[in-house]
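Have a look at the structure below, then the notes.
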Amino acid sequence: MHMGKDRLRTDRLFIRPVSIFDVPVLHKWWNDPRIMMHVGFPDGLQLKLNDVYNMIIKAQKRDHILATDRRFIIEKSINLEPIGEISYSSWEPEAKVVSVGIKICNLSAQRQGYAFEAMNCFIVFFQSHLLVNKIVLNTYSKNLPARRLYEKVGFIPVMTRKQFKFSKTYNSYQDVVFYEYTLPCHS
């Protein structure tokens with residue numbers, strides 16, 4: 001992994017902060033039921049283009065290297081094609097904990113190892129720049145592709161909460177699996 005001006009790079013990917021130029025693709029992804037159904041939105045988010053624009057403007061205003069919440073775009077390094085998004089939130093510098101989320105939104109790029117590569121790159125970033133000791137995330141228990149990814153990366157399921165979160169996809173409360181990834185301690 002290499003890091004240039006706020007841009008992470010692997011052999012096949014660039015991971016860069018979201019920009020206003022990403023609004024059209026985020027609008028498309030966030031409203032696509034095929035992408036959003038796995039995170040509980042079977043009809044997509046049904047956002048207007050202006051809604052997405054305002055969300056990204058707001059995110060950019062508070063974005064800096066030490067922000068507690070940041071969103072990034074995952075691009076293929078060969079052609080800079082956006083294929084997904086990865087974000088972190090709830091970074092607690094004192095507790096050395098951060099939460100992460102990832103989606104490969106370009107359907108033709110799914111199941112090709114990009115999410116695994118991006119997640120591993122982000123783990124190095126978290127350890128070297130945010131100095132975290134623990135990364136947490138959660139997903140619906142029925143989201144088997146995500147669960148396989150997290151466990152392949154090295155996340156450990158630590159708890160399942162039954163009927164914890166309402167899913168519009170299933171029109172019912174669903175079980176949620178909570179994961180942790182522990183890094184070597186920073187003093």
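By order in the structure tokens, chains are A, B, ...; within a chain, residues start at 1; ligands start at 1, following the order shown.
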
Residues within 12 Å of Thr160 (chain A), please, as a PDB file with all heavy atoms, in the first residue's frame. Count only C-alpha atoms; anything in the same chain fewer than 5 positions from it doesn't count.
ATOM      1  N   LEU A 137     -17.306  -3.595  12.868  1.00  0.00           N
ATOM      2  CA  LEU A 137     -18.327  -3.461  11.835  1.00  0.00           C
ATOM      3  C   LEU A 137     -19.451  -4.418  12.158  1.00  0.00           C
ATOM      4  O   LEU A 137     -19.331  -5.268  13.046  1.00  0.00           O
ATOM      5  CB  LEU A 137     -17.751  -3.714  10.435  1.00  0.00           C
ATOM      6  CG  LEU A 137     -17.049  -5.025  10.139  1.00  0.00           C
ATOM      7  CD1 LEU A 137     -18.022  -6.153   9.864  1.00  0.00           C
ATOM      8  CD2 LEU A 137     -16.138  -4.853   8.960  1.00  0.00           C
ATOM      9  N   ASN A 138     -20.563  -4.251  11.443  1.00  0.00           N
ATOM     10  CA  ASN A 138     -21.668  -5.196  11.606  1.00  0.00           C
ATOM     11  C   ASN A 138     -22.385  -5.353  10.280  1.00  0.00           C
ATOM     12  O   ASN A 138     -22.260  -4.513   9.389  1.00  0.00           O
ATOM     13  CB  ASN A 138     -22.625  -4.758  12.726  1.00  0.00           C
ATOM     14  CG  ASN A 138     -23.339  -3.479  12.411  1.00  0.00           C
ATOM     15  OD1 ASN A 138     -24.217  -3.433  11.542  1.00  0.00           O
ATOM     16  ND2 ASN A 138     -22.989  -2.403  13.108  1.00  0.00           N
ATOM     17  N   THR A 139     -23.110  -6.447  10.158  1.00  0.00           N
ATOM     18  CA  THR A 139     -23.879  -6.712   8.948  1.00  0.00           C
ATOM     19  C   THR A 139     -25.044  -7.631   9.303  1.00  0.00           C
ATOM     20  O   THR A 139     -25.025  -8.317  10.323  1.00  0.00           O
ATOM     21  CB  THR A 139     -23.001  -7.345   7.849  1.00  0.00           C
ATOM     22  OG1 THR A 139     -23.739  -7.376   6.621  1.00  0.00           O
ATOM     23  CG2 THR A 139     -22.567  -8.759   8.204  1.00  0.00           C
ATOM     24  N   TYR A 140     -26.044  -7.626   8.445  1.00  0.00           N
ATOM     25  CA  TYR A 140     -27.143  -8.570   8.622  1.00  0.00           C
ATOM     26  C   TYR A 140     -26.601  -9.986   8.544  1.00  0.00           C
ATOM     27  O   TYR A 140     -25.728 -10.285   7.714  1.00  0.00           O
ATOM     28  CB  TYR A 140     -28.208  -8.387   7.538  1.00  0.00           C
ATOM     29  CG  TYR A 140     -28.995  -7.106   7.658  1.00  0.00           C
ATOM     30  CD1 TYR A 140     -28.852  -6.089   6.728  1.00  0.00           C
ATOM     31  CD2 TYR A 140     -29.897  -6.921   8.707  1.00  0.00           C
ATOM     32  CE1 TYR A 140     -29.584  -4.913   6.839  1.00  0.00           C
ATOM     33  CE2 TYR A 140     -30.629  -5.749   8.825  1.00  0.00           C
ATOM     34  CZ  TYR A 140     -30.466  -4.751   7.893  1.00  0.00           C
ATOM     35  OH  TYR A 140     -31.176  -3.600   8.010  1.00  0.00           O
ATOM     36  N   SER A 141     -27.110 -10.874   9.358  1.00  0.00           N
ATOM     37  CA  SER A 141     -26.614 -12.259   9.360  1.00  0.00           C
ATOM     38  C   SER A 141     -26.858 -12.937   8.014  1.00  0.00           C
ATOM     39  O   SER A 141     -26.123 -13.848   7.636  1.00  0.00           O
ATOM     40  CB  SER A 141     -27.239 -13.062  10.498  1.00  0.00           C
ATOM     41  OG  SER A 141     -28.626 -13.187  10.315  1.00  0.00           O
ATOM     42  N   LYS A 142     -27.871 -12.494   7.272  1.00  0.00           N
ATOM     43  CA  LYS A 142     -28.177 -13.096   5.973  1.00  0.00           C
ATOM     44  C   LYS A 142     -27.280 -12.584   4.845  1.00  0.00           C
ATOM     45  O   LYS A 142     -27.328 -13.114   3.737  1.00  0.00           O
ATOM     46  CB  LYS A 142     -29.639 -12.838   5.611  1.00  0.00           C
ATOM     47  CG  LYS A 142     -30.611 -13.599   6.491  1.00  0.00           C
ATOM     48  CD  LYS A 142     -32.043 -13.364   6.056  1.00  0.00           C
ATOM     49  CE  LYS A 142     -33.001 -14.158   6.941  1.00  0.00           C
ATOM     50  NZ  LYS A 142     -34.404 -13.969   6.547  1.00  0.00           N
ATOM     51  N   LYS A 165     -32.183  -5.270  14.005  1.00  0.00           N
ATOM     52  CA  LYS A 165     -32.312  -4.128  13.106  1.00  0.00           C
ATOM     53  C   LYS A 165     -33.383  -4.421  12.060  1.00  0.00           C
ATOM     54  O   LYS A 165     -33.419  -5.511  11.489  1.00  0.00           O
ATOM     55  CB  LYS A 165     -30.953  -3.883  12.441  1.00  0.00           C
ATOM     56  CG  LYS A 165     -30.833  -2.618  11.669  1.00  0.00           C
ATOM     57  CD  LYS A 165     -29.377  -2.465  11.215  1.00  0.00           C
ATOM     58  CE  LYS A 165     -29.169  -1.212  10.411  1.00  0.00           C
ATOM     59  NZ  LYS A 165     -27.789  -1.138   9.903  1.00  0.00           N
ATOM     60  N   GLN A 174     -34.170  -8.207  11.696  1.00  0.00           N
ATOM     61  CA  GLN A 174     -33.221  -9.249  11.326  1.00  0.00           C
ATOM     62  C   GLN A 174     -32.078  -9.338  12.335  1.00  0.00           C
ATOM     63  O   GLN A 174     -31.754  -8.363  13.023  1.00  0.00           O
ATOM     64  CB  GLN A 174     -32.627  -8.950   9.943  1.00  0.00           C
ATOM     65  CG  GLN A 174     -33.633  -9.028   8.824  1.00  0.00           C
ATOM     66  CD  GLN A 174     -34.148 -10.432   8.622  1.00  0.00           C
ATOM     67  OE1 GLN A 174     -33.385 -11.370   8.433  1.00  0.00           O
ATOM     68  NE2 GLN A 174     -35.467 -10.591   8.669  1.00  0.00           N
ATOM     69  N   ASP A 175     -31.458 -10.509  12.372  1.00  0.00           N
ATOM     70  CA  ASP A 175     -30.281 -10.704  13.204  1.00  0.00           C
ATOM     71  C   ASP A 175     -29.108  -9.929  12.591  1.00  0.00           C
ATOM     72  O   ASP A 175     -28.970  -9.854  11.363  1.00  0.00           O
ATOM     73  CB  ASP A 175     -29.904 -12.179  13.270  1.00  0.00           C
ATOM     74  CG  ASP A 175     -31.002 -13.039  13.888  1.00  0.00           C
ATOM     75  OD1 ASP A 175     -31.974 -12.480  14.448  1.00  0.00           O
ATOM     76  OD2 ASP A 175     -30.880 -14.275  13.802  1.00  0.00           O
ATOM     77  N   VAL A 176     -28.276  -9.366  13.458  1.00  0.00           N
ATOM     78  CA  VAL A 176     -27.100  -8.624  13.035  1.00  0.00           C
ATOM     79  C   VAL A 176     -25.878  -9.238  13.703  1.00  0.00           C
ATOM     80  O   VAL A 176     -25.885  -9.503  14.905  1.00  0.00           O
ATOM     81  CB  VAL A 176     -27.225  -7.126  13.395  1.00  0.00           C
ATOM     82  CG1 VAL A 176     -25.943  -6.373  13.103  1.00  0.00           C
ATOM     83  CG2 VAL A 176     -28.397  -6.494  12.640  1.00  0.00           C
ATOM     84  N   VAL A 177     -24.832  -9.462  12.893  1.00  0.00           N
ATOM     85  CA  VAL A 177     -23.579 -10.013  13.401  1.00  0.00           C
ATOM     86  C   VAL A 177     -22.589  -8.862  13.560  1.00  0.00           C
ATOM     87  O   VAL A 177     -22.391  -8.066  12.638  1.00  0.00           O
ATOM     88  CB  VAL A 177     -23.000 -11.083  12.461  1.00  0.00           C
ATOM     89  CG1 VAL A 177     -21.706 -11.665  13.025  1.00  0.00           C
ATOM     90  CG2 VAL A 177     -24.015 -12.181  12.206  1.00  0.00           C
ATOM     91  N   PHE A 178     -21.974  -8.779  14.739  1.00  0.00           N
ATOM     92  CA  PHE A 178     -20.976  -7.763  15.046  1.00  0.00           C
ATOM     93  C   PHE A 178     -19.593  -8.405  14.965  1.00  0.00           C
ATOM     94  O   PHE A 178     -19.376  -9.501  15.486  1.00  0.00           O
ATOM     95  CB  PHE A 178     -21.219  -7.179  16.443  1.00  0.00           C
ATOM     96  CG  PHE A 178     -22.467  -6.354  16.511  1.00  0.00           C
ATOM     97  CD1 PHE A 178     -23.718  -6.964  16.630  1.00  0.00           C
ATOM     98  CD2 PHE A 178     -22.414  -4.972  16.417  1.00  0.00           C
ATOM     99  CE1 PHE A 178     -24.881  -6.206  16.676  1.00  0.00           C
ATOM    100  CE2 PHE A 178     -23.568  -4.211  16.461  1.00  0.00           C
ATOM    101  CZ  PHE A 178     -24.801  -4.827  16.587  1.00  0.00           C
ATOM    102  N   TYR A 179     -18.679  -7.709  14.304  1.00  0.00           N
ATOM    103  CA  TYR A 179     -17.322  -8.201  14.077  1.00  0.00           C
ATOM    104  C   TYR A 179     -16.299  -7.243  14.670  1.00  0.00           C
ATOM    105  O   TYR A 179     -16.539  -6.037  14.752  1.00  0.00           O
ATOM    106  CB  TYR A 179     -17.045  -8.304  12.572  1.00  0.00           C
ATOM    107  CG  TYR A 179     -17.720  -9.442  11.875  1.00  0.00           C
ATOM    108  CD1 TYR A 179     -18.996  -9.308  11.349  1.00  0.00           C
ATOM    109  CD2 TYR A 179     -17.064 -10.658  11.719  1.00  0.00           C
ATOM    110  CE1 TYR A 179     -19.608 -10.351  10.690  1.00  0.00           C
ATOM    111  CE2 TYR A 179     -17.669 -11.716  11.055  1.00  0.00           C
ATOM    112  CZ  TYR A 179     -18.941 -11.554  10.541  1.00  0.00           C
ATOM    113  OH  TYR A 179     -19.540 -12.595   9.891  1.00  0.00           O
TER     114      TYR A 179
END

| query | Can you tell me, as a PyMOL selection string, what residues are no more than 8 Å from Ser87 (chain A) when counting only C-alpha atoms, ignoring any on the same chain fewer than 2 positions away? | reply | chain A and resi 69-72+85+89+100-102

| task | Have a look at A:Leu8, A:Glu151, A:Ser99, A:Cys105 and name the one nearest to Asn31 (chain A); count only C-alpha atoms. | result |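 For Asn31 (chain A), the nearest of the candidates is A:Cys105.
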
| request: Write out as a PyMOL selection string all residues of region 54-123 of chain A that DSSP puts in strand (DSSP E) for this structure's backbone. | output: chain A and resi 70-76+82-92+97-104

| query | Which polymer residues have any atom within 12 Å of an atom of Lys28 (chain A), counting only C-alpha atoms, with same-chain residues fewer than 6 positions away left out, as a ChimeraX atom specification? | reply | /A:22,34-36,44-49,52,82-84,105-106

Next, write the just-selected residues to a file, as a PDB file, in the first residue's frame, keeping C-alpha atoms as the atom set.
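Everything below was put into part08.pdb:
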ATOM      1  CA  ASP A  22     -18.600  11.607  -7.446  1.00  0.00           C
ATOM      2  CA  ARG A  34     -29.395  -4.474  -6.656  1.00  0.00           C
ATOM      3  CA  ILE A  35     -26.646  -2.749  -4.674  1.00  0.00           C
ATOM      4  CA  MET A  36     -28.582  -1.474  -1.679  1.00  0.00           C
ATOM      5  CA  GLY A  44     -32.432   1.817  -2.990  1.00  0.00           C
ATOM      6  CA  LEU A  45     -32.303   4.997  -0.935  1.00  0.00           C
ATOM      7  CA  GLN A  46     -34.574   6.896  -3.341  1.00  0.00           C
ATOM      8  CA  LEU A  47     -32.508  10.061  -3.054  1.00  0.00           C
ATOM      9  CA  LYS A  48     -32.683  12.972  -5.449  1.00  0.00           C
ATOM     10  CA  LEU A  49     -29.462  14.101  -7.111  1.00  0.00           C
ATOM     11  CA  VAL A  52     -26.642  13.415  -2.666  1.00  0.00           C
ATOM     12  CA  PRO A  82     -15.117   4.014  -9.736  1.00  0.00           C
ATOM     13  CA  ILE A  83     -16.181   0.571  -8.525  1.00  0.00           C
ATOM     14  CA  GLY A  84     -17.204   1.105  -4.915  1.00  0.00           C
ATOM     15  CA  CYS A 105     -21.099  -1.108  -6.234  1.00  0.00           C
ATOM     16  CA  ASN A 106     -20.089  -1.845  -9.816  1.00  0.00           C
TER      17      ASN A 106
END

| query | Of the residues A:Val136, A:Ile123, A:Cys185, A:Ile73, which is the one nearest to Ser19 (chain A), using only C-alpha atoms? | reply |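 Smallest distance to Ser19 (chain A) is found for A:Ile73.
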
| query | So which residues of region 32-110 of chain A fall under helix (DSSP H, G or I) by DSSP, listed as a ChimeraX atom specification? | reply | /A:33-39,49-61,107-109

Can I get the selected residues back with C-alpha atoms, as a compact mmCIF listing (two decimals), in the first residue's frame?
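Contents of result_4.txt, as written:
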# COMPACT_ATOMS: atom_id res chain seq x y z
CA PRO A 33 -31.87 -1.80 -5.49
CA ARG A 34 -29.39 -4.47 -6.66
CA ILE A 35 -26.65 -2.75 -4.67
CA MET A 36 -28.58 -1.47 -1.68
CA MET A 37 -30.78 -4.50 -0.93
CA HIS A 38 -27.92 -6.22 0.92
CA VAL A 39 -27.66 -3.32 3.36
CA LEU A 49 -29.46 14.10 -7.11
CA ASN A 50 -29.58 17.31 -5.06
CA ASP A 51 -29.85 15.27 -1.82
CA VAL A 52 -26.64 13.41 -2.67
CA TYR A 53 -24.95 16.68 -3.67
CA ASN A 54 -25.82 18.24 -0.31
CA MET A 55 -24.60 15.18 1.58
CA ILE A 56 -21.24 15.25 -0.21
CA ILE A 57 -20.85 19.03 0.25
CA LYS A 58 -21.51 18.58 3.98
CA ALA A 59 -19.03 15.68 4.17
CA GLN A 60 -16.36 17.67 2.32
CA LYS A 61 -16.70 20.63 4.70
CA LEU A 107 -21.78 -5.21 -10.27
CA SER A 108 -19.21 -6.43 -12.81
CA ALA A 109 -16.43 -5.73 -10.26

| request: Write out as a list in words the residues lying within 6 Å of Val97 (chain A), counting only C-alpha atoms and excluding same-chain residues fewer than 5 positions away. | output: Trp91, Glu92, Val132, Lys134 and Ile135 of chain A

| query | From the set A:Met159, A:Leu13, A:Ala118, A:Ala67, which residue has the shortest atom-to-atom contact distance to Ser90 (chain A), counting only C-alpha atoms? | reply | A:Ala67

| CA of Lys103 (chain A) to CA of Tyr88 (chain A): how many Å, to one decimal? |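 Separation of CA of Lys103 (chain A) and CA of Tyr88 (chain A): 12.2 Å.
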
| From A:Tyr170, A:Val18, A:Met119, A:Val25, residue lying nearest His64 (chain A) [only C-alpha atoms] | A:Val18
